[in-house]
$ cat run_29.pdb   # PDB, C-alpha atoms
ATOM      1  CA  MET U 269     -45.646 -19.316  86.584  1.00  0.00           C
ATOM      2  CA  THR U 270     -46.051 -16.577  83.967  1.00  0.00           C
ATOM      3  CA  ALA U 271     -49.462 -15.513  82.748  1.00  0.00           C
ATOM      4  CA  SER U 272     -50.317 -16.454  79.178  1.00  0.00           C
ATOM      5  CA  PRO U 273     -51.010 -13.617  76.800  1.00  0.00           C
ATOM      6  CA  ARG U 274     -54.618 -12.504  76.713  1.00  0.00           C
ATOM      7  CA  LYS U 275     -56.562 -13.975  73.829  1.00  0.00           C
ATOM      8  CA  GLU U 276     -58.527 -11.232  72.134  1.00  0.00           C
ATOM      9  CA  ASP U 277     -59.494 -12.602  68.715  1.00  0.00           C
ATOM     10  CA  THR U 278     -62.222 -15.115  68.038  1.00  0.00           C
ATOM     11  CA  ILE U 279     -62.822 -17.594  65.244  1.00  0.00           C
ATOM     12  CA  GLN U 280     -66.353 -18.826  64.711  1.00  0.00           C
ATOM     13  CA  LEU U 281     -67.186 -22.009  62.826  1.00  0.00           C
ATOM     14  CA  ARG U 282     -70.371 -23.755  61.826  1.00  0.00           C
ATOM     15  CA  THR U 283     -70.354 -27.503  61.333  1.00  0.00           C
ATOM     16  CA  SER U 284     -72.570 -30.552  61.340  1.00  0.00           C
ATOM     17  CA  GLY U 285     -73.321 -32.438  64.525  1.00  0.00           C
ATOM     18  CA  GLU U 286     -71.394 -35.395  63.128  1.00  0.00           C
ATOM     19  CA  VAL U 287     -68.192 -33.392  62.659  1.00  0.00           C
ATOM     20  CA  LYS U 288     -68.544 -31.754  66.070  1.00  0.00           C
ATOM     21  CA  ALA U 289     -68.979 -35.171  67.719  1.00  0.00           C
ATOM     22  CA  LEU U 290     -65.854 -36.439  65.948  1.00  0.00           C
ATOM     23  CA  LEU U 291     -63.837 -33.420  67.091  1.00  0.00           C
ATOM     24  CA  ASN U 292     -65.141 -33.726  70.642  1.00  0.00           C
ATOM     25  CA  GLN U 293     -64.183 -37.400  70.742  1.00  0.00           C
ATOM     26  CA  ALA U 294     -60.661 -36.665  69.521  1.00  0.00           C
ATOM     27  CA  ALA U 295     -60.265 -33.767  71.961  1.00  0.00           C
ATOM     28  CA  ALA U 296     -61.403 -35.967  74.841  1.00  0.00           C
ATOM     29  CA  LEU U 297     -58.825 -38.600  73.918  1.00  0.00           C
ATOM     30  CA  ARG U 298     -56.147 -35.906  74.154  1.00  0.00           C
ATOM     31  CA  GLY U 299     -57.551 -34.555  77.410  1.00  0.00           C
ATOM     32  CA  GLN U 300     -58.247 -31.173  75.826  1.00  0.00           C
ATOM     33  CA  LYS U 301     -61.183 -28.849  75.517  1.00  0.00           C
ATOM     34  CA  LEU U 302     -62.676 -28.770  72.033  1.00  0.00           C
ATOM     35  CA  SER U 303     -61.409 -25.261  71.339  1.00  0.00           C
ATOM     36  CA  GLU U 304     -57.862 -26.162  72.475  1.00  0.00           C
ATOM     37  CA  PHE U 305     -57.855 -29.246  70.287  1.00  0.00           C
ATOM     38  CA  MET U 306     -59.130 -27.372  67.236  1.00  0.00           C
ATOM     39  CA  LEU U 307     -56.711 -24.481  67.657  1.00  0.00           C
ATOM     40  CA  GLU U 308     -53.741 -26.810  68.079  1.00  0.00           C
ATOM     41  CA  ALA U 309     -54.740 -28.864  65.029  1.00  0.00           C
ATOM     42  CA  ALA U 310     -55.338 -25.764  62.896  1.00  0.00           C
ATOM     43  CA  ARG U 311     -52.051 -24.177  63.960  1.00  0.00           C
ATOM     44  CA  ARG U 312     -50.140 -27.400  63.212  1.00  0.00           C
ATOM     45  CA  GLU U 313     -51.748 -27.655  59.762  1.00  0.00           C
ATOM     46  CA  ALA U 314     -51.081 -23.989  58.983  1.00  0.00           C
ATOM     47  CA  GLN U 315     -47.411 -24.379  59.918  1.00  0.00           C
ATOM     48  CA  GLN U 316     -47.164 -27.470  57.711  1.00  0.00           C
ATOM     49  CA  VAL U 317     -48.700 -25.654  54.742  1.00  0.00           C
ATOM     50  CA  LEU U 318     -46.282 -22.758  55.162  1.00  0.00           C
ATOM     51  CA  LEU U 319     -43.289 -25.087  55.495  1.00  0.00           C
ATOM     52  CA  GLU U 320     -44.288 -26.925  52.329  1.00  0.00           C
ATOM     53  CA  GLN U 321     -44.091 -23.612  50.491  1.00  0.00           C
ATOM     54  CA  ARG U 322     -40.633 -22.757  51.808  1.00  0.00           C
ATOM     55  CA  THR U 323     -38.666 -25.946  52.267  1.00  0.00           C
ATOM     56  CA  PHE U 324     -37.953 -28.986  50.194  1.00  0.00           C
ATOM     57  CA  LEU U 325     -35.358 -31.670  50.749  1.00  0.00           C
ATOM     58  CA  LEU U 326     -33.229 -33.384  48.136  1.00  0.00           C
ATOM     59  CA  ASP U 327     -30.826 -36.259  48.317  1.00  0.00           C
ATOM     60  CA  PRO U 328     -27.219 -35.355  47.364  1.00  0.00           C
ATOM     61  CA  VAL U 329     -27.554 -36.461  43.722  1.00  0.00           C
ATOM     62  CA  ALA U 330     -30.810 -34.580  43.175  1.00  0.00           C
ATOM     63  CA  HIS U 331     -29.340 -31.547  44.946  1.00  0.00           C
ATOM     64  CA  GLU U 332     -26.398 -31.440  42.543  1.00  0.00           C
ATOM     65  CA  ALA U 333     -28.745 -31.827  39.553  1.00  0.00           C
ATOM     66  CA  PHE U 334     -30.920 -29.006  40.911  1.00  0.00           C
ATOM     67  CA  LEU U 335     -27.912 -26.712  41.334  1.00  0.00           C
ATOM     68  CA  ASP U 336     -26.759 -27.562  37.806  1.00  0.00           C
ATOM     69  CA  VAL U 337     -30.134 -26.554  36.365  1.00  0.00           C
ATOM     70  CA  LEU U 338     -29.997 -23.289  38.298  1.00  0.00           C
ATOM     71  CA  ASP U 339     -26.469 -22.595  37.103  1.00  0.00           C
ATOM     72  CA  HIS U 340     -27.171 -23.602  33.485  1.00  0.00           C
ATOM     73  CA  PRO U 341     -30.820 -22.938  32.637  1.00  0.00           C
ATOM     74  CA  GLY U 342     -32.007 -24.220  29.271  1.00  0.00           C
ATOM     75  CA  LYS U 343     -33.286 -21.923  26.576  1.00  0.00           C
ATOM     76  CA  PRO U 344     -37.022 -22.071  25.891  1.00  0.00           C
ATOM     77  CA  ASP U 345     -37.873 -23.701  22.586  1.00  0.00           C
ATOM     78  CA  PRO U 346     -40.328 -22.097  20.114  1.00  0.00           C
ATOM     79  CA  ALA U 347     -43.265 -24.245  21.312  1.00  0.00           C
ATOM     80  CA  LEU U 348     -42.717 -23.139  24.908  1.00  0.00           C
ATOM     81  CA  ARG U 349     -42.381 -19.491  23.877  1.00  0.00           C
ATOM     82  CA  ALA U 350     -45.658 -19.754  21.936  1.00  0.00           C
ATOM     83  CA  ARG U 351     -47.446 -21.333  24.883  1.00  0.00           C
ATOM     84  CA  LEU U 352     -46.188 -18.678  27.305  1.00  0.00           C
ATOM     85  CA  SER U 353     -47.256 -15.854  24.990  1.00  0.00           C
ATOM     86  CA  ARG U 354     -50.864 -17.092  24.700  1.00  0.00           C
ATOM     87  CA  ARG U 355     -53.551 -15.261  26.636  1.00  0.00           C
ATOM     88  CA  SER U 356     -54.975 -17.087  29.604  1.00  0.00           C
ATOM     89  CA  VAL U 357     -58.484 -18.490  29.359  1.00  0.00           C
ATOM     90  CA  TRP U 358     -59.760 -15.951  31.875  1.00  0.00           C
ATOM     91  CA  GLU U 359     -58.248 -13.070  29.869  1.00  0.00           C
ATOM     92  CA  LYS U 360     -60.160 -13.838  26.647  1.00  0.00           C
TER      93      LYS U 360
END
$ encode --input "run_29.pdb" --output "structure tokens"
Amino acid sequence: MTASPRKEDTIQLRTSGEVKALLNQAAALRGQKLSEFMLEAARREAQQVLLEQRTFLLDPVAHEAFLDVLDHPGKPDPALRARLSRRSVWEK
């Protein structure tokens, strides 16, 4: 059996007793310590968020339509050009 890498970083959280009890109950159902359960859940969610930013799936028809738009982009109309040239609310 190989030794797991040493864990050197910490993450501290504050929460209500109600949330902690919920997390403890879920961890117990999985047979995990609270910290193991929370780390696994957070890692899984982080990976999902990152995947959502990188990958999207299309059926064959939508894929062809997507490629067509990439190959033949439309020209912006005057209304779109005007909108894109406006200053943002936070820049005023």
$ closest_residue --input "run_29.pdb" --among "U:Ala296, U:Met306, U:Leu338, U:Leu325" --to "Ile279 in chain U" --atoms "all atoms listed in the file"
U:Met306
$ resolve_selection --input "run_29.pdb" --expression "the PyMOL selection byres ((chain U and resi 285-291) around 12)" --output "list in words"
Leu281, Arg282, Thr283, Ser284, Asn292, Gln293, Ala294, Ala295, Ala296, Leu297, Arg298, Gln300, Lys301, Leu302, Ser303, Glu304, Phe305, Met306, Leu307 and Ala309 of chain U
$ atom_distance --input "run_29.pdb" --atom1 "CA of Arg322 in chain U" --atom2 "CA of Pro341 in chain U"
21.5 Å
$ atom_distance --input "run_29.pdb" --atom1 "CA of Glu308 in chain U" --atom2 "CA of Glu320 in chain U"
18.4 Å
$ atom_distance --input "run_29.pdb" --atom1 "CA of His340 in chain U" --atom2 "CA of Leu352 in chain U"
20.6 Å
